[in-house]
Structures are given as structure tokens and as C-alpha cells.
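Source file: final-v2.pdb. Holds: PDB, C-alpha atoms, pLDDT in the B column.
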```pdb
MODEL        1
ATOM      1  CA  MET A  19      58.877  11.882  44.086  1.00 81.00           C
ATOM      2  CA  PRO A  20      59.298  15.595  43.299  1.00 87.00           C
ATOM      3  CA  LYS A  21      58.774  16.862  39.785  1.00 95.00           C
ATOM      4  CA  TRP A  22      59.730  20.195  38.253  1.00 97.00           C
ATOM      5  CA  LYS A  23      58.398  21.568  34.977  1.00 97.00           C
ATOM      6  CA  LEU A  24      60.200  24.300  33.082  1.00 96.00           C
ATOM      7  CA  VAL A  25      58.432  26.058  30.197  1.00 98.00           C
ATOM      8  CA  THR A  26      59.892  28.505  27.700  1.00 98.00           C
ATOM      9  CA  GLU A  27      58.561  30.074  24.531  1.00 98.00           C
ATOM     10  CA  PHE A  28      60.419  31.872  21.767  1.00 98.00           C
ATOM     11  CA  THR A  29      60.142  32.757  18.102  1.00 98.00           C
ATOM     12  CA  PHE A  30      62.432  32.606  15.115  1.00 98.00           C
ATOM     13  CA  ASP A  31      61.985  33.675  11.500  1.00 98.00           C
ATOM     14  CA  SER A  32      62.865  31.279   8.710  1.00 98.00           C
ATOM     15  CA  ALA A  33      61.933  30.305   5.192  1.00 98.00           C
ATOM     16  CA  HIS A  34      61.079  26.849   3.902  1.00 98.00           C
ATOM     17  CA  TYR A  35      59.167  24.873   1.333  1.00 98.00           C
ATOM     18  CA  ILE A  36      57.659  21.413   1.581  1.00 97.00           C
ATOM     19  CA  ARG A  37      59.333  19.192  -0.981  1.00 95.00           C
ATOM     20  CA  ASP A  38      56.953  17.810  -3.647  1.00 96.00           C
ATOM     21  CA  TYR A  39      53.937  19.571  -2.105  1.00 96.00           C
ATOM     22  CA  ASN A  40      51.287  20.366  -4.728  1.00 97.00           C
ATOM     23  CA  GLY A  41      50.255  23.834  -3.637  1.00 96.00           C
ATOM     24  CA  PRO A  42      51.575  27.113  -2.231  1.00 95.00           C
ATOM     25  CA  CYS A  43      53.490  25.376   0.591  1.00 95.00           C
ATOM     26  CA  GLY A  44      55.670  23.774  -2.084  1.00 97.00           C
ATOM     27  CA  ARG A  45      57.092  27.192  -2.944  1.00 97.00           C
ATOM     28  CA  LEU A  46      59.688  29.026  -0.853  1.00 98.00           C
ATOM     29  CA  HIS A  47      57.942  31.142   1.795  1.00 97.00           C
ATOM     30  CA  GLY A  48      58.583  32.282   5.352  1.00 97.00           C
ATOM     31  CA  HIS A  49      57.076  32.142   8.817  1.00 97.00           C
ATOM     32  CA  THR A  50      57.627  33.540  12.242  1.00 97.00           C
ATOM     33  CA  TYR A  51      57.732  30.209  14.047  1.00 98.00           C
ATOM     34  CA  LYS A  52      56.643  30.111  17.669  1.00 98.00           C
ATOM     35  CA  VAL A  53      58.202  27.359  19.761  1.00 98.00           C
ATOM     36  CA  LYS A  54      57.153  26.183  23.198  1.00 98.00           C
ATOM     37  CA  ILE A  55      59.397  23.755  25.061  1.00 98.00           C
ATOM     38  CA  GLU A  56      58.393  21.998  28.273  1.00 98.00           C
ATOM     39  CA  ALA A  57      61.141  20.271  30.228  1.00 98.00           C
ATOM     40  CA  THR A  58      60.350  18.109  33.253  1.00 97.00           C
ATOM     41  CA  SER A  59      62.595  16.310  35.698  1.00 97.00           C
ATOM     42  CA  SER A  60      62.481  14.689  39.102  1.00 96.00           C
ATOM     43  CA  LYS A  61      65.870  16.191  39.955  1.00 95.00           C
ATOM     44  CA  LEU A  62      67.697  19.456  39.410  1.00 95.00           C
ATOM     45  CA  HIS A  63      70.903  19.821  37.422  1.00 95.00           C
ATOM     46  CA  SER A  64      73.816  22.139  36.798  1.00 94.00           C
ATOM     47  CA  SER A  65      74.508  23.580  33.342  1.00 92.00           C
ATOM     48  CA  GLN A  66      77.439  24.779  31.295  1.00 90.00           C
ATOM     49  CA  TYR A  67      76.644  28.267  32.633  1.00 92.00           C
ATOM     50  CA  CYS A  68      75.996  27.398  36.308  1.00 93.00           C
ATOM     51  CA  PRO A  69      77.874  24.749  38.343  1.00 95.00           C
ATOM     52  CA  HIS A  70      75.119  24.344  40.963  1.00 96.00           C
ATOM     53  CA  GLU A  71      72.370  21.725  40.692  1.00 94.00           C
ATOM     54  CA  VAL A  72      69.533  24.258  40.802  1.00 96.00           C
ATOM     55  CA  MET A  73      67.689  23.896  37.465  1.00 95.00           C
ATOM     56  CA  VAL A  74      65.842  21.385  35.324  1.00 96.00           C
ATOM     57  CA  ALA A  75      67.744  22.702  32.307  1.00 96.00           C
ATOM     58  CA  ASP A  76      69.195  26.076  31.427  1.00 96.00           C
ATOM     59  CA  PHE A  77      66.842  28.412  29.546  1.00 96.00           C
ATOM     60  CA  ARG A  78      69.759  29.416  27.319  1.00 95.00           C
ATOM     61  CA  THR A  79      70.257  25.785  26.361  1.00 95.00           C
ATOM     62  CA  LEU A  80      66.558  25.231  25.654  1.00 97.00           C
ATOM     63  CA  ARG A  81      66.424  28.284  23.386  1.00 97.00           C
ATOM     64  CA  TRP A  82      69.295  27.258  21.099  1.00 98.00           C
ATOM     65  CA  ALA A  83      67.037  27.287  17.993  1.00 98.00           C
ATOM     66  CA  LYS A  84      66.279  31.004  18.401  1.00 98.00           C
ATOM     67  CA  GLN A  85      69.907  31.869  17.610  1.00 98.00           C
ATOM     68  CA  ASP A  86      70.926  33.103  14.189  1.00 98.00           C
ATOM     69  CA  VAL A  87      71.546  30.311  11.709  1.00 97.00           C
ATOM     70  CA  LYS A  88      75.226  31.345  11.515  1.00 97.00           C
ATOM     71  CA  LYS A  89      75.493  30.692  15.270  1.00 97.00           C
ATOM     72  CA  GLY A  90      73.947  27.214  15.105  1.00 97.00           C
ATOM     73  CA  GLY A  91      70.282  28.139  15.461  1.00 98.00           C
ATOM     74  CA  LEU A  92      67.396  28.301  12.995  1.00 98.00           C
ATOM     75  CA  ASP A  93      66.724  32.046  12.865  1.00 98.00           C
ATOM     76  CA  HIS A  94      66.884  33.679   9.418  1.00 98.00           C
ATOM     77  CA  GLY A  95      67.812  30.520   7.571  1.00 97.00           C
ATOM     78  CA  VAL A  96      66.223  28.362   4.910  1.00 98.00           C
ATOM     79  CA  LEU A  97      65.172  25.314   6.899  1.00 98.00           C
ATOM     80  CA  ASN A  98      65.541  23.016   3.879  1.00 98.00           C
ATOM     81  CA  GLU A  99      69.240  23.943   3.847  1.00 97.00           C
ATOM     82  CA  VAL A 100      69.754  23.893   7.631  1.00 97.00           C
ATOM     83  CA  MET A 101      67.939  20.750   8.735  1.00 97.00           C
ATOM     84  CA  PRO A 102      69.185  17.285   7.733  1.00 97.00           C
ATOM     85  CA  PRO A 103      67.277  15.780   4.769  1.00 95.00           C
ATOM     86  CA  GLU A 104      65.539  13.152   6.919  1.00 96.00           C
ATOM     87  CA  TYR A 105      63.540  15.991   8.499  1.00 97.00           C
ATOM     88  CA  GLU A 106      60.988  17.420   6.063  1.00 96.00           C
ATOM     89  CA  THR A 107      60.126  21.013   6.908  1.00 97.00           C
ATOM     90  CA  THR A 108      56.543  20.459   8.055  1.00 97.00           C
ATOM     91  CA  ALA A 109      55.620  21.777  11.513  1.00 97.00           C
ATOM     92  CA  GLU A 110      55.549  18.171  12.749  1.00 98.00           C
ATOM     93  CA  MET A 111      59.092  17.456  11.599  1.00 98.00           C
ATOM     94  CA  ILE A 112      60.439  20.829  12.735  1.00 98.00           C
ATOM     95  CA  ALA A 113      59.077  20.002  16.211  1.00 98.00           C
ATOM     96  CA  LYS A 114      60.811  16.607  16.105  1.00 98.00           C
ATOM     97  CA  TYR A 115      64.066  18.172  14.903  1.00 98.00           C
ATOM     98  CA  ILE A 116      64.039  20.754  17.706  1.00 98.00           C
ATOM     99  CA  TYR A 117      63.187  17.970  20.177  1.00 98.00           C
ATOM    100  CA  ASP A 118      66.022  15.725  18.942  1.00 98.00           C
ATOM    101  CA  GLU A 119      68.604  18.517  18.989  1.00 98.00           C
ATOM    102  CA  THR A 120      67.459  19.841  22.371  1.00 98.00           C
ATOM    103  CA  LYS A 121      67.545  16.332  23.862  1.00 97.00           C
ATOM    104  CA  LYS A 122      71.286  16.206  23.044  1.00 96.00           C
ATOM    105  CA  ARG A 123      71.823  19.432  25.013  1.00 96.00           C
ATOM    106  CA  VAL A 124      69.912  18.718  28.259  1.00 96.00           C
ATOM    107  CA  PRO A 125      70.922  16.433  31.142  1.00 95.00           C
ATOM    108  CA  PRO A 126      69.896  12.763  31.030  1.00 94.00           C
ATOM    109  CA  GLY A 127      66.464  12.118  32.496  1.00 94.00           C
ATOM    110  CA  VAL A 128      64.970  15.457  31.426  1.00 97.00           C
ATOM    111  CA  GLN A 129      61.692  14.835  29.585  1.00 97.00           C
ATOM    112  CA  LEU A 130      60.850  17.198  26.728  1.00 98.00           C
ATOM    113  CA  LYS A 131      57.748  18.275  24.867  1.00 98.00           C
ATOM    114  CA  VAL A 132      58.113  20.622  21.889  1.00 98.00           C
ATOM    115  CA  ALA A 133      55.336  22.546  20.146  1.00 98.00           C
ATOM    116  CA  VAL A 134      55.902  24.476  16.909  1.00 98.00           C
ATOM    117  CA  SER A 135      53.446  26.916  15.378  1.00 97.00           C
ATOM    118  CA  GLU A 136      53.614  28.458  11.902  1.00 94.00           C
ATOM    119  CA  THR A 137      50.398  30.456  12.383  1.00 92.00           C
ATOM    120  CA  PRO A 138      48.561  31.748  15.464  1.00 91.00           C
ATOM    121  CA  ASN A 139      45.940  28.988  15.300  1.00 94.00           C
ATOM    122  CA  SER A 140      47.847  25.894  14.119  1.00 94.00           C
ATOM    123  CA  TRP A 141      50.678  23.970  15.760  1.00 96.00           C
ATOM    124  CA  ALA A 142      52.302  20.566  16.053  1.00 98.00           C
ATOM    125  CA  GLU A 143      53.575  18.945  19.257  1.00 98.00           C
ATOM    126  CA  TYR A 144      56.199  16.249  19.682  1.00 98.00           C
ATOM    127  CA  GLU A 145      57.310  14.234  22.674  1.00 96.00           C
ATOM    128  CA  ASP A 146      58.701  10.766  23.142  1.00 91.00           C
ATOM    129  CA  GLU A 147      56.854   9.129  26.023  1.00 78.00           C
ATOM    130  CA  CYS A 148      59.243   6.161  25.926  1.00 72.00           C
ATOM    131  CA  GLU A 149      62.291   8.316  26.760  1.00 62.00           C
ATOM    132  CA  ASN A 150      63.727   8.134  30.254  1.00 51.00           C
TER     133      ASN A 150
ENDMDL
END
```

With the file now loaded, output its structure as C-alpha cells.
Amino acid sequence: MPKWKLVTEFTFDSAHYIRDYNGPCGRLHGHTYKVKIEATSSKLHSSQYCPHEVMVADFRTLRWAKQDVKKGGLDHGVLNEVMPPEYETTAEMIAKYIYDETKKRVPPGVQLKVAVSETPNSWAEYEDECEN
């Protein structure tokens, strides 16, 4: 069976604090977050921008989080105010949030893996291996 893998990386700038954290991360501060999304599929799809079944998923769709917060993305927002309260603003939970929101935007059957980095040498990855 064929398999395609699509990979995109982007950054966005946002502020956050980790609720009830005893240390500097408990205070409001900002990061340039780097996000890497891998999308894999055994078939190609169309998108809202292209009617032909020629892509795993549209890059524009995968990069939704890079948009300004006023346009539905995460850029230049306070993540504690943008993300639902069930998602704490750790790198792990930001990766899960981006995964969950991206999953709603891609065709069924597209597998996702999301990595989020707050610093050049630390990151968190999230994927759901049980998803189909």
C-alpha cells in the first residue's frame, strides 16, 4: 500500500504561564514556539483550496496555528486565554491542542504527529497511534 508523508514547520510567538507552577514558568513570559507537523496517508485528498485529490493535506490547513490570534491562530496571543482550560500551557499540552485542532481540519485517515519546541534544545511530541 502506498504511503505519503507531508512535513511542515513554522513558528509563532505567544505568551503563557503554567498555572500553579512554583518557579519562573508560573509567571507570564513569552516564547517563539517552533512547530513541526507530520501528516501521513495512504491516499491523496482534495482541500478547500484545491478540488483535485493530489495532496495528503493542504499546507495552509496544517499551518493554521501560525495565524494571528485574531484570525483563529495562536500567534501573538496569551495561550492561557486562547486555549480551552483543559489544555494547560506546557509544551506537551500545546502539542496535543495543535494536534486535536489540526485533526479536525484534515481529511479522515490522515495520521498526524505534532512536535512543539519552546527552546532550541527542548521539545514535546504528540501523536495518537490508535487513530485511523

Check: For His47 in chain A, which of A:Leu80, A:Val72, A:Leu97, A:Val87 is the closest residue, counting all atoms listed in the file?
Finding: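 Ranking A:Leu80, A:Val72, A:Leu97, A:Val87 by distance to His47 in chain A, first place goes to A:Leu97.
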
Box centre and edge lengths (Å, one decimal), axis-aligned, range 30-43 of chain A plus 8 Å each side, as JSON:
```
{"center_x": 56.6, "center_y": 25.7, "center_z": 5.2, "size_x": 28.6, "size_y": 31.9, "size_z": 35.8}
```

Next item on the list: Please provide as number ranges by chain all residues within 12 Å of Val134 in chain A, with the sequence filter that same-chain residues fewer than 4 positions apart are discarded (counting only C-alpha atoms).
Entry: A: 27-30, 49-56, 83, 107-117, 138-145

Margin query: Please enumerate the residues selected by the PyMOL selection byres ((chain A and resi 66-68) around 12) when evaluated against the supplied file, formatted as a PyMOL selection string.
Written below: chain A and resi 62-65+69-79+123-125

Write out the residues from the selection above, keeping C-alpha atoms, as a compact mmCIF listing (two decimals), in the frame of the given file.
```txt
# COMPACT_ATOMS: atom_id res chain seq x y z
CA LEU A 62 67.70 19.46 39.41
CA HIS A 63 70.90 19.82 37.42
CA SER A 64 73.82 22.14 36.80
CA SER A 65 74.51 23.58 33.34
CA PRO A 69 77.87 24.75 38.34
CA HIS A 70 75.12 24.34 40.96
CA GLU A 71 72.37 21.72 40.69
CA VAL A 72 69.53 24.26 40.80
CA MET A 73 67.69 23.90 37.47
CA VAL A 74 65.84 21.38 35.32
CA ALA A 75 67.74 22.70 32.31
CA ASP A 76 69.19 26.08 31.43
CA PHE A 77 66.84 28.41 29.55
CA ARG A 78 69.76 29.42 27.32
CA THR A 79 70.26 25.78 26.36
CA ARG A 123 71.82 19.43 25.01
CA VAL A 124 69.91 18.72 28.26
CA PRO A 125 70.92 16.43 31.14
```

Notebook entry, point to check: What do you get, as a ChimeraX atom specification, if you spell out every residue that the PyMOL selection byres ((chain A and resi 86) around 12) selects here?
Noted result: /A:29-32,81-85,87-96,100

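Going from CA of Tyr105 in chain A to CA of Gly48 in chain A covers 17.3 Å.
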
Note to self: Report, in Å to a single decimal, how far apart CA of Thr137 in chain A and CA of Lys23 in chain A are.
What the structure shows: 25.6 Å

Next item on the list: Have a look at CA of Ser59 in chain A and CA of Trp22 in chain A and let me know their distance in Å, one decimal.
Entry: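 If I compute the distance from CA of Ser59 in chain A to CA of Trp22 in chain A, I get 5.5 Å.
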
Note to self: When the PyMOL selection byres ((chain A and resi 147) around 12) is applied to the structure above, which residues does it catch, written out as a ChimeraX atom specification?
What the structure shows: /A:127-131,144-146,148-150

Next item on the list: With a distance cut-off of 8 Å and only C-alpha atoms, select the neighbouring residues of Ile36 in chain A, excluding the residue or stretch itself and same-chain residues fewer than 2 positions from it, and output the selection as a list in words.
Entry: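 Non-adjacent residues within range: His34, Asp38, Tyr39, Cys43, Gly44, Arg45, Glu106, Thr107 and Thr108 of chain A.
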
What would range 87-106 of chain A look like with N, CA and C atoms in place, written as an mmCIF file, keeping the file's coordinate frame?
```
data_model
loop_
_atom_site.group_PDB
_atom_site.id
_atom_site.type_symbol
_atom_site.label_atom_id
_atom_site.label_comp_id
_atom_site.auth_asym_id
_atom_site.auth_seq_id
_atom_site.Cartn_x
_atom_site.Cartn_y
_atom_site.Cartn_z
ATOM 1 N N VAL A 87 71.100 31.531 12.369
ATOM 2 C CA VAL A 87 71.546 30.311 11.709
ATOM 3 C C VAL A 87 73.074 30.228 11.652
ATOM 4 N N LYS A 88 73.754 31.349 11.560
ATOM 5 C CA LYS A 88 75.226 31.345 11.515
ATOM 6 C C LYS A 88 75.848 31.036 12.875
ATOM 7 N N LYS A 89 75.017 31.037 13.926
ATOM 8 C CA LYS A 89 75.493 30.692 15.270
ATOM 9 C C LYS A 89 74.948 29.336 15.716
ATOM 10 N N GLY A 90 74.408 28.547 14.792
ATOM 11 C CA GLY A 90 73.947 27.214 15.105
ATOM 12 C C GLY A 90 72.463 27.089 15.378
ATOM 13 N N GLY A 91 71.722 28.185 15.246
ATOM 14 C CA GLY A 91 70.282 28.139 15.461
ATOM 15 C C GLY A 91 69.520 28.010 14.149
ATOM 16 N N LEU A 92 68.251 28.395 14.173
ATOM 17 C CA LEU A 92 67.396 28.301 12.995
ATOM 18 C C LEU A 92 66.931 29.664 12.484
ATOM 19 N N ASP A 93 67.232 30.729 13.218
ATOM 20 C CA ASP A 93 66.724 32.046 12.865
ATOM 21 C C ASP A 93 67.347 32.574 11.573
ATOM 22 N N HIS A 94 66.493 33.073 10.689
ATOM 23 C CA HIS A 94 66.884 33.679 9.418
ATOM 24 C C HIS A 94 67.691 32.734 8.533
ATOM 25 N N GLY A 95 67.225 31.494 8.475
ATOM 26 C CA GLY A 95 67.812 30.520 7.571
ATOM 27 C C GLY A 95 66.736 29.941 6.676
ATOM 28 N N VAL A 96 67.145 29.159 5.715
ATOM 29 C CA VAL A 96 66.223 28.362 4.910
ATOM 30 C C VAL A 96 66.261 26.968 5.514
ATOM 31 N N LEU A 97 65.172 26.570 6.135
ATOM 32 C CA LEU A 97 65.172 25.314 6.899
ATOM 33 C C LEU A 97 65.549 24.111 6.039
ATOM 34 N N ASN A 98 65.184 24.124 4.766
ATOM 35 C CA ASN A 98 65.541 23.016 3.879
ATOM 36 C C ASN A 98 67.055 22.890 3.714
ATOM 37 N N GLU A 99 67.777 23.965 3.948
ATOM 38 C CA GLU A 99 69.240 23.943 3.847
ATOM 39 C C GLU A 99 69.907 23.709 5.197
ATOM 40 N N VAL A 100 69.185 23.980 6.292
ATOM 41 C CA VAL A 100 69.754 23.893 7.631
ATOM 42 C C VAL A 100 69.506 22.525 8.266
ATOM 43 N N MET A 101 68.298 22.023 8.110
ATOM 44 C CA MET A 101 67.939 20.750 8.735
ATOM 45 C C MET A 101 68.409 19.577 7.873
ATOM 46 N N PRO A 102 68.788 18.467 8.506
ATOM 47 C CA PRO A 102 69.185 17.285 7.733
ATOM 48 C C PRO A 102 68.023 16.804 6.852
ATOM 49 N N PRO A 103 68.324 16.159 5.728
ATOM 50 C CA PRO A 103 67.277 15.780 4.769
ATOM 51 C C PRO A 103 66.232 14.809 5.320
ATOM 52 N N GLU A 104 66.545 14.074 6.367
ATOM 53 C CA GLU A 104 65.539 13.152 6.919
ATOM 54 C C GLU A 104 64.415 13.877 7.656
ATOM 55 N N TYR A 105 64.580 15.175 7.882
ATOM 56 C CA TYR A 105 63.540 15.991 8.499
ATOM 57 C C TYR A 105 62.911 16.873 7.419
ATOM 58 N N GLU A 106 61.713 16.530 6.979
ATOM 59 C CA GLU A 106 60.988 17.420 6.063
ATOM 60 C C GLU A 106 60.606 18.665 6.855
#
```
